[in-house]
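K.L.:
What follows is final-v9.txt, made up of compact mmCIF, C-alpha atoms (C1' of nucleotides):
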```txt
# COMPACT_ATOMS: atom_id res chain seq x y z
CA MET P 1 120.04 69.80 127.00
CA PRO P 2 117.67 72.66 127.22
CA GLU P 3 118.79 75.89 128.76
CA LEU P 4 120.40 78.47 126.51
CA PRO P 5 124.10 78.18 127.47
CA GLU P 6 124.05 74.47 126.70
CA VAL P 7 122.41 74.95 123.32
CA GLU P 8 124.94 77.69 122.56
CA GLU P 9 127.79 75.39 123.51
CA ALA P 10 126.34 72.52 121.46
CA MET P 11 125.90 74.81 118.46
CA GLN P 12 129.55 75.86 118.71
CA ARG P 13 130.69 72.24 118.76
CA LEU P 14 128.46 71.58 115.75
CA ARG P 15 129.83 74.61 113.95
CA ALA P 16 133.43 73.54 114.54
CA ALA P 17 132.59 70.06 113.28
CA VAL P 18 130.65 70.87 110.12
CA GLU P 19 131.06 74.42 108.84
CA GLY P 20 132.64 74.40 105.41
CA ARG P 21 132.34 70.63 105.10
CA THR P 22 130.15 68.52 102.84
CA ILE P 23 127.38 66.11 103.72
CA ALA P 24 127.73 62.56 102.44
CA LYS P 25 124.48 61.20 103.85
CA VAL P 26 121.82 62.06 106.42
CA SER P 27 119.90 59.19 108.06
CA THR P 28 117.07 58.91 110.57
CA HIS P 29 116.85 56.14 113.16
CA HIS P 30 113.49 56.68 114.81
CA ALA P 31 109.95 56.72 113.43
CA SER P 32 109.23 60.29 114.52
CA HIS P 33 112.45 61.59 112.95
CA GLU P 34 111.75 59.64 109.79
CA ARG P 35 108.38 61.43 109.64
CA GLN P 36 110.07 64.81 110.00
CA LEU P 37 112.84 64.07 107.57
CA PRO P 38 111.60 61.50 105.04
CA ALA P 39 114.07 59.65 102.86
CA ALA P 40 113.35 61.92 99.90
CA SER P 41 114.32 65.00 101.95
CA ALA P 42 117.39 63.30 103.37
CA ARG P 43 118.50 62.44 99.84
CA ARG P 44 118.40 66.11 98.86
CA LEU P 45 121.04 66.79 101.50
CA ARG P 46 123.69 64.62 99.86
CA GLN P 47 126.76 66.43 98.59
CA GLN P 48 125.49 69.70 100.05
CA LYS P 49 128.12 71.91 101.61
CA ILE P 50 127.25 73.34 105.04
CA VAL P 51 128.13 77.00 104.64
CA ARG P 52 127.06 78.35 108.03
CA VAL P 53 125.71 77.19 111.40
CA GLU P 54 123.50 79.52 113.41
CA ARG P 55 121.55 79.52 116.67
CA ARG P 56 118.31 81.44 117.29
CA GLY P 57 116.83 80.83 120.73
CA LYS P 58 117.18 77.10 121.17
CA HIS P 59 116.92 76.45 117.45
CA GLN P 60 119.95 75.43 115.42
CA LEU P 61 120.15 76.09 111.71
CA LEU P 62 122.53 74.53 109.21
CA HIS P 63 122.57 76.71 106.11
CA LEU P 64 123.40 74.76 102.98
CA GLU P 65 125.02 75.88 99.79
CA ASN P 66 121.83 75.55 97.71
CA GLY P 67 119.95 77.92 100.05
CA SER P 68 118.01 75.25 101.92
CA THR P 69 118.24 74.98 105.71
CA LEU P 70 118.45 71.98 107.97
CA HIS P 71 116.72 72.91 111.22
CA ALA P 72 117.38 71.05 114.49
CA HIS P 73 115.90 71.40 117.96
CA PHE P 74 116.92 69.39 121.03
CA ARG P 75 113.71 69.85 123.02
CA MET P 76 114.14 68.15 126.42
CA ASN P 77 117.10 65.81 126.01
CA GLY P 78 118.88 66.29 122.74
CA ASP P 79 122.59 66.72 122.24
CA TRP P 80 125.18 66.29 119.50
CA LEU P 81 127.47 63.31 119.62
CA MET P 82 130.58 63.54 117.46
CA SER P 83 131.81 60.24 116.04
CA ARG P 84 133.06 58.61 112.85
CA THR P 85 131.20 56.92 110.02
CA ASP P 86 133.00 53.63 110.67
CA GLN P 87 131.73 53.47 114.27
CA PRO P 88 128.44 51.87 115.35
CA LEU P 89 125.66 54.35 116.15
CA ASP P 90 124.74 55.00 119.75
CA LYS P 91 121.56 53.34 120.99
CA PHE P 92 119.84 56.71 121.44
CA THR P 93 120.90 58.30 118.15
CA ARG P 94 117.77 59.49 116.34
CA ALA P 95 119.41 61.01 113.26
CA SER P 96 122.94 61.18 111.92
CA ILE P 97 124.84 63.41 109.54
CA ASP P 98 127.77 61.74 107.79
CA LEU P 99 130.31 64.07 106.23
CA THR P 100 132.46 63.25 103.24
CA ASP P 101 135.59 63.38 105.40
CA GLY P 102 134.44 60.36 107.46
CA SER P 103 133.23 62.30 110.49
CA ARG P 104 129.71 61.88 111.80
CA ILE P 105 127.38 64.01 113.93
CA GLU P 106 124.68 62.11 115.82
CA LEU P 107 121.50 63.67 117.14
CA HIS P 108 121.43 61.91 120.50
CA ASP P 109 118.12 62.03 122.35
CA SER P 110 116.84 59.20 124.54
CA ARG P 111 113.37 60.66 124.72
CA ALA P 112 113.08 61.15 120.96
CA LEU P 113 111.32 64.50 121.28
CA SER P 114 114.01 66.32 119.32
CA SER P 115 113.34 67.47 115.79
CA ILE P 116 115.24 67.75 112.53
CA LYS P 117 113.66 69.13 109.37
CA LEU P 118 114.67 70.38 105.97
CA HIS P 119 113.39 73.74 104.76
CA ALA P 120 113.58 74.76 101.13
CA LYS P 121 115.29 77.96 100.02
CA GLY P 122 113.15 80.99 100.83
CA GLU P 123 111.17 79.20 103.54
CA ASN P 124 111.51 80.56 107.07
CA PRO P 125 112.41 77.59 109.27
CA LEU P 126 111.81 79.50 112.51
CA PRO P 127 108.65 80.26 114.46
CA LYS P 128 108.15 83.78 115.82
CA LEU P 129 110.88 84.42 118.38
CA GLY P 130 111.31 87.24 120.85
CA ILE P 131 114.52 88.92 121.94
CA GLU P 132 117.41 86.59 122.70
CA ALA P 133 117.56 85.88 126.42
CA ASN P 134 121.23 86.80 126.48
CA ASP P 135 120.83 90.00 124.41
CA ALA P 136 122.18 93.00 126.31
CA SER P 137 119.26 95.12 125.09
CA LEU P 138 116.89 92.97 127.13
CA ASP P 139 116.32 95.56 129.85
CA ALA P 140 113.45 97.06 131.89
CA ASP P 141 112.17 99.08 128.93
CA HIS P 142 112.19 96.10 126.64
CA LEU P 143 110.39 93.95 129.19
CA ARG P 144 107.79 96.63 129.84
CA ALA P 145 106.99 96.83 126.12
CA ALA P 146 106.96 93.04 125.70
CA LEU P 147 104.85 92.34 128.79
CA SER P 148 102.43 95.27 128.78
CA LYS P 149 99.79 93.34 126.84
CA LYS P 150 100.31 90.00 128.56
CA ARG P 151 97.50 89.28 130.99
CA GLY P 152 98.69 85.86 132.14
CA PRO P 153 101.09 84.88 134.94
CA ILE P 154 104.70 85.92 134.43
CA LYS P 155 106.38 82.51 134.64
CA PRO P 156 104.66 80.92 131.60
CA THR P 157 105.06 84.25 129.79
CA LEU P 158 108.82 84.22 130.36
CA MET P 159 108.96 80.76 128.81
CA ASP P 160 107.00 81.90 125.76
CA GLN P 161 109.68 81.85 123.05
CA ALA P 162 107.86 84.60 121.16
CA VAL P 163 108.46 86.87 124.17
CA ILE P 164 112.01 85.82 125.11
CA ALA P 165 113.86 83.32 122.95
CA GLY P 166 115.91 80.79 124.84
CA LEU P 167 114.59 81.05 128.39
CA GLY P 168 113.52 77.68 129.84
CA ASN P 169 111.72 76.35 132.87
CA ILE P 170 114.68 76.35 135.25
CA TYR P 171 116.05 79.77 134.42
CA ALA P 172 112.60 81.38 134.38
CA ALA P 173 112.03 80.18 137.95
CA GLU P 174 115.52 81.13 139.07
CA ALA P 175 115.31 84.62 137.57
CA LEU P 176 111.95 85.26 139.27
CA TRP P 177 113.41 84.22 142.61
CA ARG P 178 116.35 86.61 142.18
CA ALA P 179 113.99 89.45 141.20
CA LYS P 180 111.61 88.60 144.08
CA ILE P 181 108.62 88.29 141.75
CA SER P 182 105.88 85.74 142.27
CA PRO P 183 105.57 83.32 139.32
CA ARG P 184 101.82 83.99 139.52
CA ALA P 185 102.16 87.77 139.20
CA ILE P 186 100.24 89.11 136.21
CA SER P 187 102.85 90.04 133.61
CA SER P 188 101.42 93.46 132.75
CA SER P 189 101.12 94.50 136.39
CA ILE P 190 104.78 94.19 137.39
CA SER P 191 106.38 97.51 138.35
CA PRO P 192 109.20 99.00 136.26
CA ALA P 193 111.55 98.68 139.23
CA ARG P 194 110.82 94.94 139.44
CA LEU P 195 111.22 94.59 135.67
CA ALA P 196 114.66 96.15 135.93
CA LYS P 197 115.53 93.56 138.58
CA LEU P 198 114.09 90.84 136.37
CA ALA P 199 116.15 91.82 133.33
CA GLU P 200 119.26 91.85 135.51
CA ALA P 201 118.30 88.48 137.01
CA ILE P 202 117.80 86.86 133.60
CA HIS P 203 121.28 87.91 132.50
CA TRP P 204 122.81 86.84 135.80
CA VAL P 205 121.21 83.41 135.69
CA ILE P 206 122.32 82.73 132.11
CA GLU P 207 125.87 83.79 132.90
CA ASN P 208 126.25 82.15 136.29
CA GLU P 209 123.97 79.18 136.72
CA ASN P 210 125.68 76.83 134.33
CA ARG P 211 125.25 73.32 135.53
CA ALA P 212 127.83 70.65 136.16
CA PRO P 213 127.74 67.81 133.65
CA GLY P 214 124.87 65.38 134.10
CA ARG P 215 121.19 65.75 134.80
CA TYR P 216 119.78 68.88 136.36
CA THR P 217 118.49 66.92 139.31
CA ASP P 218 121.86 65.33 140.14
CA THR P 219 122.95 66.42 143.60
CA GLU P 220 125.89 68.44 142.36
CA ASN P 221 123.52 70.37 140.08
CA ARG P 222 120.65 70.68 142.50
CA ASP P 223 122.79 72.75 144.84
CA ARG P 224 123.50 75.20 142.04
CA PHE P 225 119.90 76.37 142.02
CA GLU P 226 117.99 78.52 144.48
CA VAL P 227 114.54 77.10 143.81
CA TYR P 228 114.51 74.59 140.94
CA ASP P 229 113.91 71.03 142.22
CA ARG P 230 114.16 72.27 145.82
CA GLU P 231 110.61 71.70 147.02
CA GLY P 232 110.50 71.67 150.83
CA LEU P 233 114.07 72.92 151.20
CA PRO P 234 114.68 76.28 152.87
CA CYS P 235 114.92 79.47 150.81
CA SER P 236 118.49 80.75 151.07
CA ARG P 237 117.21 84.29 151.76
CA CYS P 238 114.47 83.76 154.32
CA GLY P 239 114.42 80.07 155.27
CA THR P 240 110.83 79.55 154.11
CA LYS P 241 110.21 76.20 152.46
CA ILE P 242 110.33 76.31 148.68
CA LYS P 243 106.97 75.49 147.09
CA ARG P 244 106.18 73.68 143.88
CA ILE P 245 103.08 74.52 141.85
CA PRO P 246 101.96 73.47 138.36
CA GLN P 247 101.82 76.22 135.76
CA ALA P 248 101.00 75.61 132.11
CA GLY P 249 101.71 71.94 132.62
CA ARG P 250 105.18 72.49 134.08
CA SER P 251 106.52 72.57 137.62
CA THR P 252 107.25 76.01 139.02
CA TYR P 253 109.39 76.32 142.15
CA PHE P 254 109.39 79.51 144.22
CA CYS P 255 109.65 80.99 147.70
CA PRO P 256 106.11 81.89 148.83
CA LYS P 257 107.46 84.49 151.26
CA CYS P 258 110.00 86.54 149.36
CA GLN P 259 108.35 86.24 145.95
CA ARG P 260 105.22 88.35 146.11
CA SER P 261 102.77 89.49 143.47
C1' DC A 262 95.10 81.30 128.85
C1' DG A 263 95.56 75.97 130.26
C1' DT A 264 95.69 71.20 128.53
C1' DA A 265 97.04 67.30 125.79
C1' DT A 266 100.34 65.51 122.95
C1' DC A 267 104.72 63.98 121.15
C1' DC A 268 108.45 59.99 123.43
C1' DT A 269 111.50 57.22 126.61
C1' DG A 270 113.87 56.58 130.93
C1' DA A 271 114.49 57.13 135.83
C1' DC A 272 112.71 56.73 140.05
C1' DC A 273 109.16 55.78 143.71
C1' DG L 274 102.31 50.52 138.03
C1' DG L 275 102.29 55.58 138.37
C1' DT L 276 104.61 60.01 138.17
C1' DC L 277 107.81 63.06 136.60
C1' DA L 278 111.31 65.14 133.37
C1' DG L 279 115.43 70.54 130.80
C1' DG L 280 110.30 71.96 125.28
C1' DA L 281 107.12 73.40 121.91
C1' DT L 282 102.82 73.10 119.52
C1' DA L 283 97.97 72.42 118.34
C1' DC L 284 93.91 72.98 120.16
C1' DG L 285 89.63 74.66 122.82
```
The structure given in the file should be rewritten as structure tokens.

P.N.:
Amino acid sequence: MPELPEVEEAMQRLRAAVEGRTIAKVSTHHASHERQLPAASARRLRQQKIVRVERRGKHQLLHLENGSTLHAHFRMNGDWLMSRTDQPLDKFTRASIDLTDGSRIELHDSRALSSIKLHAKGENPLPKLGIEANDASLDADHLRAALSKKRGPIKPTLMDQAVIAGLGNIYAAEALWRAKISPRAISSSISPARLAKLAEAIHWVIENENRAPGRYTDTENRDRFEVYDREGLPCSRCGTKIKRIPQAGRSTYFCPKCQRS
DNA sequence: CGTATCCTGACC
DNA sequence: GGTCAGGATACG
């Protein structure tokens, strides 16, 4: 559940389900979530009204009436599952929020890498985040300022949430393909003209590359992408075989011919 | 900067 | 059995 449009959509479903309502009980159902939200913290959430739900990058914040904040992040697989308190929990539910009206929100995450934590009033629950990936003011000038001091390759830099909040592995690769920039290009050395293309490409990808339901590698999704998960398949612009390389521990897909440094 | 780590499931 | 997976972080 990682790329920005899906987190935005999930946050809106969460908002519709919980804003203005009151928590009856929060429970964890996996050792790592129990560590993040121990029973004593969960207890503090009881009878708290959820006054506002907010998204920043891929982070979701539930602001509570007493000023504390419940912070959730899906990481690789997470999603919200809406159910009722009288129903059995799903096998992959790692935490659940029961509301006083009998509705329940389940943090559903087979891989259990998601996180849910309580932050006291006055504590900032968020790490340093850059401009929102879908912010209209993300343009060539903004990118030039943000990238001018970055000496590393552009693809990992684009995924650095402190540079651009909300851009993930797939969209970073797709945007670079559209802008004809090599993922290995040094961030600070990219020309202003290319940065303008890149800003445009980031917005285009977020608006247009929404997946069909299911996994990203399902066939109906695979065909939605130009490079992601298309190793060995022909580039739609030049026919060259798409290459896959590791970068910062992740797979990067690109066209070695039309994406130059 | 890259790498290892957190986890489980799917797929070869 | 090994490898890979949409993310982020702590570390060297």

K.L.:
Hey, what's within 12 Å of DT266 (chain A) if we count only C-alpha atoms (C1' of nucleotides) and toss same-chain stuff fewer than 4 positions away? As a short mmCIF file (atom, residue, chain, number, x, y, z; two decimals) with C-alpha atoms (C1' of nucleotides), in the frame of the given file, please?

P.N.:
```cif
data_model
loop_
_atom_site.label_atom_id
_atom_site.label_comp_id
_atom_site.auth_asym_id
_atom_site.auth_seq_id
_atom_site.Cartn_x
_atom_site.Cartn_y
_atom_site.Cartn_z
CA LEU P 113 111.32 64.50 121.28
CA GLY P 249 101.71 71.94 132.62
"C1'" DA L 281 107.12 73.40 121.91
"C1'" DT L 282 102.82 73.10 119.52
"C1'" DA L 283 97.97 72.42 118.34
"C1'" DC L 284 93.91 72.98 120.16
#
```

K.L.:
Set the cut-off to 7 Å and count only C-alpha atoms (C1' of nucleotides): what are the residues of chain P that reach chain L? Output as an MDAnalysis selection string.

P.N.:
chainID P and resid 1:3 75:77

K.L.:
Work out where the centre of an axis-aligned box around every listed atom of chain L lies and how long its edges are once 4 Å is added on each side; give both in Å to one decimal as JSON.

P.N.:
```
{"center_x": 102.5, "center_y": 62.6, "center_z": 128.4, "size_x": 33.8, "size_y": 32.1, "size_z": 28.0}
```

K.L.:
Please tabulate, as a Markdown table, the residues of chain A that come within 9 Å of chain P, each with its closest pair of atoms and the distance in Å to one decimal, counting only C-alpha atoms (C1' of nucleotides) and ordering rows by chain, then residue number upward.

P.N.:
```
| residue | atom | partner | partner_atom | distance |
| --- | --- | --- | --- | --- |
| A:DC262 | C1' | P:Gly152 | CA | 6.7 |
| A:DG263 | C1' | P:Ala248 | CA | 5.8 |
| A:DT264 | C1' | P:Gly249 | CA | 7.3 |
| A:DC267 | C1' | P:Leu113 | CA | 6.6 |
| A:DC268 | C1' | P:Arg111 | CA | 5.1 |
| A:DT269 | C1' | P:Arg111 | CA | 4.3 |
| A:DG270 | C1' | P:Arg111 | CA | 7.4 |
```

K.L.:
For those residues, write C-alpha atoms (C1' of nucleotides) to a file as a tab-separated table (two decimals), in the frame of the given file.

P.N.:
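Result saved to result.tsv:
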```
chain	number	residue	atom	x	y	z
A	262	DC	C1'	95.10	81.30	128.85
A	263	DG	C1'	95.56	75.97	130.26
A	264	DT	C1'	95.69	71.20	128.53
A	267	DC	C1'	104.72	63.98	121.15
A	268	DC	C1'	108.45	59.99	123.43
A	269	DT	C1'	111.50	57.22	126.61
A	270	DG	C1'	113.87	56.58	130.93
```

K.L.:
Would you mind reading off the distance between CA of Ala10 (chain P) and CA of Leu198 (chain P), one decimal, in Å?

P.N.:
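Interatomic distance, CA of Ala10 (chain P) to CA of Leu198 (chain P): 26.6 Å.
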
K.L.:
Quick check, in Å to one decimal: how far apart do CA of Thr93 (chain P) and CA of Ile170 (chain P) lie?

P.N.:
25.6 Å

K.L.:
For a test of reading the model, state the distance in Å between CA of Leu99 (chain P) and CA of Arg13 (chain P), rounded to one decimal.

P.N.:
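So the two atoms, CA of Leu99 (chain P) and CA of Arg13 (chain P), lie 15.0 Å apart.
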
K.L.:
Go ahead and find all residues with at least one atom no further than 12 Å from (125.7, 54.0, 116.2) in the file's coordinates, using all atoms listed in the file; report them as a VMD selection string.

P.N.:
chain P and resid 27 to 29 81 to 98 104 to 108

K.L.:
With all atoms listed in the file as the atoms that count, which of P:Gly20, P:Glu9, P:Asp101, P:Leu118 lies nearest to Arg35 (chain P)?

P.N.:
P:Leu118
